[in-house]
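Beneath this line is the structure, given in structure tokens, with notes to follow.
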Amino acid sequence: MNLQVPESITFEDAIALTQSFLNNLSTDELEEKEIQATITSLVKTENGARGFFVTYLTDDRTLADNPSNGVIEALKTSPEIVDELLVKNLAMSSAMAIAHRRNKDEESAKGSDSVRQRTAYLIKQLHSDLIANKLKELSKSAATGEGEYQAFLKRWGYDEEQKKVIQKAISDVLTQVANYKY
């Protein structure tokens, strides 16, 4: 079964296609080459990649907890798009866990924690210097209020506590990546 990804896929269509893909993946109906081909097609556009990640990283099943080689290899095919989205997902999920806990919504906070953990795991598996550099830039922006990610942090209105949590998540990931033997 090969899911066809349109060249100009919308964010909403990417979510729907990823849901179908994950349903097939959960029943072990897909071979690694099909997994890799579908994800490669999804992540070659920003809408496709955003739809893929929002669905894949938040799915209730454990599929994203231990991604196959096909998933990792597919993500490596579009580093400009994938790396940027993973960096921002790490920040957003870290900050949102704080916001949910402030609102006494532990279930949503745990969901954000899960997205952060899954994102960190993908970052570690990708072995990308580009991601590491982007993470350092984001950490610098969170610490100083300046730099490449200043507008991103400002747009989401993250406060000092959230910026500290983002820096901690980045530090943890960079430490893991540095200690990982390639």
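Letters for chains follow the order of the structure tokens (A, B, ...), residue numbers begin at 1 for each chain, and ligand numbers begin at 1 in the order shown.
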
Please produce, as CSV, a per-residue contact table for stretch 6-111 of chain A versus stretch 151-165 of chain A (criterion: any atom at most 12 Å away, only C-alpha atoms considered), showing the nearest atom pair and its distance in Å to one decimal, sorted by chain then residue number.
residue,atom,partner,partner_atom,distance
A:Glu84,CA,A:Phe152,CA,11.6
A:Leu85,CA,A:Phe152,CA,11.9
A:Val87,CA,A:Phe152,CA,11.3
A:Lys88,CA,A:Phe152,CA,8.5
A:Asn89,CA,A:Phe152,CA,11.7
A:Leu90,CA,A:Val165,CA,10.3
A:Ala91,CA,A:Val165,CA,8.3
A:Met92,CA,A:Trp156,CA,8.6
A:Ser93,CA,A:Val165,CA,10.0
A:Ser94,CA,A:Val165,CA,6.3
A:Ala95,CA,A:Gln162,CA,4.9
A:Met96,CA,A:Gln162,CA,8.1
A:Ala97,CA,A:Gln162,CA,9.0
A:Ile98,CA,A:Gln162,CA,6.6
A:Ala99,CA,A:Gln162,CA,8.2
A:His100,CA,A:Gln162,CA,11.5
A:Arg101,CA,A:Gln162,CA,11.6
A:Arg102,CA,A:Gln162,CA,11.2

Name the residues in contact with A:Ser128 at a cut-off of 9 Å, using only C-alpha atoms, excluding same-chain residues fewer than 6 positions from it; report them as a CSV table (one decimal) with N, CA and C atoms, in the first residue's frame.
chain,number,residue,atom,x,y,z
A,76,LYS,N,15.8,12.4,7.1
A,76,LYS,CA,17.0,12.9,6.7
A,76,LYS,C,17.0,13.5,5.2
A,79,PRO,N,16.5,18.1,5.3
A,79,PRO,CA,17.0,18.6,6.6
A,79,PRO,C,16.6,20.1,6.8
A,83,ASP,N,14.6,19.7,10.2
A,83,ASP,CA,15.5,20.1,11.3
A,83,ASP,C,14.8,21.3,12.0

Review point. In Å, with one decimal, what is the gap from atom CA of A:Leu130 to atom CA of A:Arg118?
Key: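 These two atoms are separated by 18.6 Å.
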
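What separates atom CA of A:Glu46 from atom CA of A:Gln4 is a distance of 16.6 Å.
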
Review point. Which residues, written as a list in words, have at least one atom at most 10 Å from stretch 23-38 of chain A, with only C-alpha atoms counted and residues fewer than 5 positions away on the same chain left out?
Key: Met1, Asn2, Leu3, Gln4, Val5, Leu17, Thr18, Val43, Arg61, Thr62, Leu63, Ser68, Asn69, Gly70, Val71, Ile72, Glu73, Ala74, Leu75 and Thr77 of chain A

Write the residues of the preceding selection, restricted to N, CA and C atoms, as a short mmCIF file (atom, residue, chain, number, x, y, z; two decimals), in the first residue's frame.
data_model
loop_
_atom_site.label_atom_id
_atom_site.label_comp_id
_atom_site.auth_asym_id
_atom_site.auth_seq_id
_atom_site.Cartn_x
_atom_site.Cartn_y
_atom_site.Cartn_z
N MET A 1 0.85 -1.18 0.00
CA MET A 1 0.00 0.00 0.00
C MET A 1 0.89 1.23 0.00
N ASN A 2 0.76 2.04 -1.02
CA ASN A 2 1.56 3.25 -1.12
C ASN A 2 0.63 4.45 -1.13
N LEU A 3 0.71 5.28 -0.11
CA LEU A 3 -0.12 6.46 -0.03
C LEU A 3 0.47 7.54 -0.92
N GLN A 4 -0.35 8.13 -1.75
CA GLN A 4 0.11 9.16 -2.66
C GLN A 4 0.05 10.52 -1.97
N VAL A 5 1.16 11.23 -2.00
CA VAL A 5 1.23 12.56 -1.39
C VAL A 5 1.25 13.59 -2.51
N LEU A 17 -3.65 12.40 5.81
CA LEU A 17 -2.84 11.36 5.18
C LEU A 17 -1.95 10.67 6.22
N THR A 18 -1.38 11.44 7.13
CA THR A 18 -0.53 10.85 8.17
C THR A 18 -1.35 9.95 9.09
N VAL A 43 7.56 15.02 3.96
CA VAL A 43 8.44 16.04 4.55
C VAL A 43 9.18 16.90 3.53
N ARG A 61 -0.72 6.04 20.09
CA ARG A 61 0.00 4.77 19.99
C ARG A 61 1.50 5.01 20.22
N THR A 62 2.24 3.94 20.36
CA THR A 62 3.67 4.06 20.67
C THR A 62 4.55 4.07 19.41
N LEU A 63 3.96 4.25 18.26
CA LEU A 63 4.73 4.20 17.00
C LEU A 63 5.90 5.18 16.98
N SER A 68 11.25 3.45 13.16
CA SER A 68 12.04 2.50 12.38
C SER A 68 13.12 3.24 11.59
N ASN A 69 14.01 2.48 11.01
CA ASN A 69 15.07 3.04 10.18
C ASN A 69 14.48 3.79 8.99
N GLY A 70 13.38 3.30 8.45
CA GLY A 70 12.73 3.97 7.32
C GLY A 70 12.25 5.36 7.68
N VAL A 71 11.74 5.52 8.90
CA VAL A 71 11.29 6.83 9.37
C VAL A 71 12.49 7.77 9.45
N ILE A 72 13.55 7.32 10.09
CA ILE A 72 14.74 8.17 10.27
C ILE A 72 15.36 8.54 8.93
N GLU A 73 15.51 7.57 8.05
CA GLU A 73 16.11 7.86 6.75
C GLU A 73 15.25 8.83 5.94
N ALA A 74 13.94 8.71 6.04
CA ALA A 74 13.05 9.64 5.33
C ALA A 74 13.20 11.05 5.87
N LEU A 75 13.31 11.19 7.18
CA LEU A 75 13.45 12.52 7.78
C LEU A 75 14.75 13.19 7.36
N THR A 77 15.94 13.25 4.48
CA THR A 77 15.89 13.70 3.09
C THR A 77 15.56 15.18 2.93
#

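The residue that comes closest to A:Ala49, out of A:Ala14, A:Ala64, A:Leu122, A:Ile166 and on the basis of only C-alpha atoms, is A:Ala14.
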
Point to revise | Straight-line distance linking atom CA of A:Ser139 with atom CA of A:Ile170, stated in Å to one decimal | key: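 Rounded to one decimal, the two atoms are 6.7 Å apart.
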
Check your understanding: Which residues come within 12 Å of A:Gly48, counting only C-alpha atoms, excluding same-chain residues fewer than 3 positions away, as a PyMOL selection string?
Key -> chain A and resi 4-18+38-45+51-56+75+78+81-82+85

Exercise for review: Please provide as an NGL selection string all residues within 7 Å of A:Val115, with the sequence filter that same-chain residues fewer than 2 positions apart are discarded (counting only C-alpha atoms).
Suggested key: :A and (57-58 or 93 or 111-113 or 117-119)

**Study point:** A:Glu80, A:Asp59, A:Glu137, A:Leu174 ranked by distance to A:Gln150, top pick (using only C-alpha atoms)
**Key:**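 Answer, going by the shortest atom-to-atom distance: A:Glu137.
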
Do you know which residues are at most 12 Å from A:Gln176 counting only C-alpha atoms, after dropping those on the same chain fewer than 5 positions away, and could you put them as an mmCIF file with C-alpha atoms, in the first residue's frame?
data_model
loop_
_atom_site.group_PDB
_atom_site.id
_atom_site.type_symbol
_atom_site.label_atom_id
_atom_site.label_comp_id
_atom_site.auth_asym_id
_atom_site.auth_seq_id
_atom_site.Cartn_x
_atom_site.Cartn_y
_atom_site.Cartn_z
ATOM 1 C CA ALA A 120 14.357 14.730 21.410
ATOM 2 C CA TYR A 121 14.678 11.090 20.403
ATOM 3 C CA LEU A 122 14.271 11.937 16.700
ATOM 4 C CA ILE A 123 16.856 14.711 17.001
ATOM 5 C CA LYS A 124 19.294 12.250 18.559
ATOM 6 C CA GLN A 125 18.662 9.677 15.817
ATOM 7 C CA HIS A 127 22.824 12.928 13.941
ATOM 8 C CA ALA A 132 22.680 21.028 16.842
ATOM 9 C CA ALA A 169 15.414 20.735 27.066
ATOM 10 C CA ILE A 170 17.972 21.941 24.520
ATOM 11 C CA SER A 171 20.854 21.378 26.924
ATOM 12 C CA LYS A 181 28.818 7.541 19.573
ATOM 13 C CA TYR A 182 28.255 7.929 15.824
#

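Distance annotation: of A:Leu22, A:Ser114, A:Val177, A:Arg50, the residue with the minimal separation from A:Asn133 is A:Val177; atom set is only C-alpha atoms.
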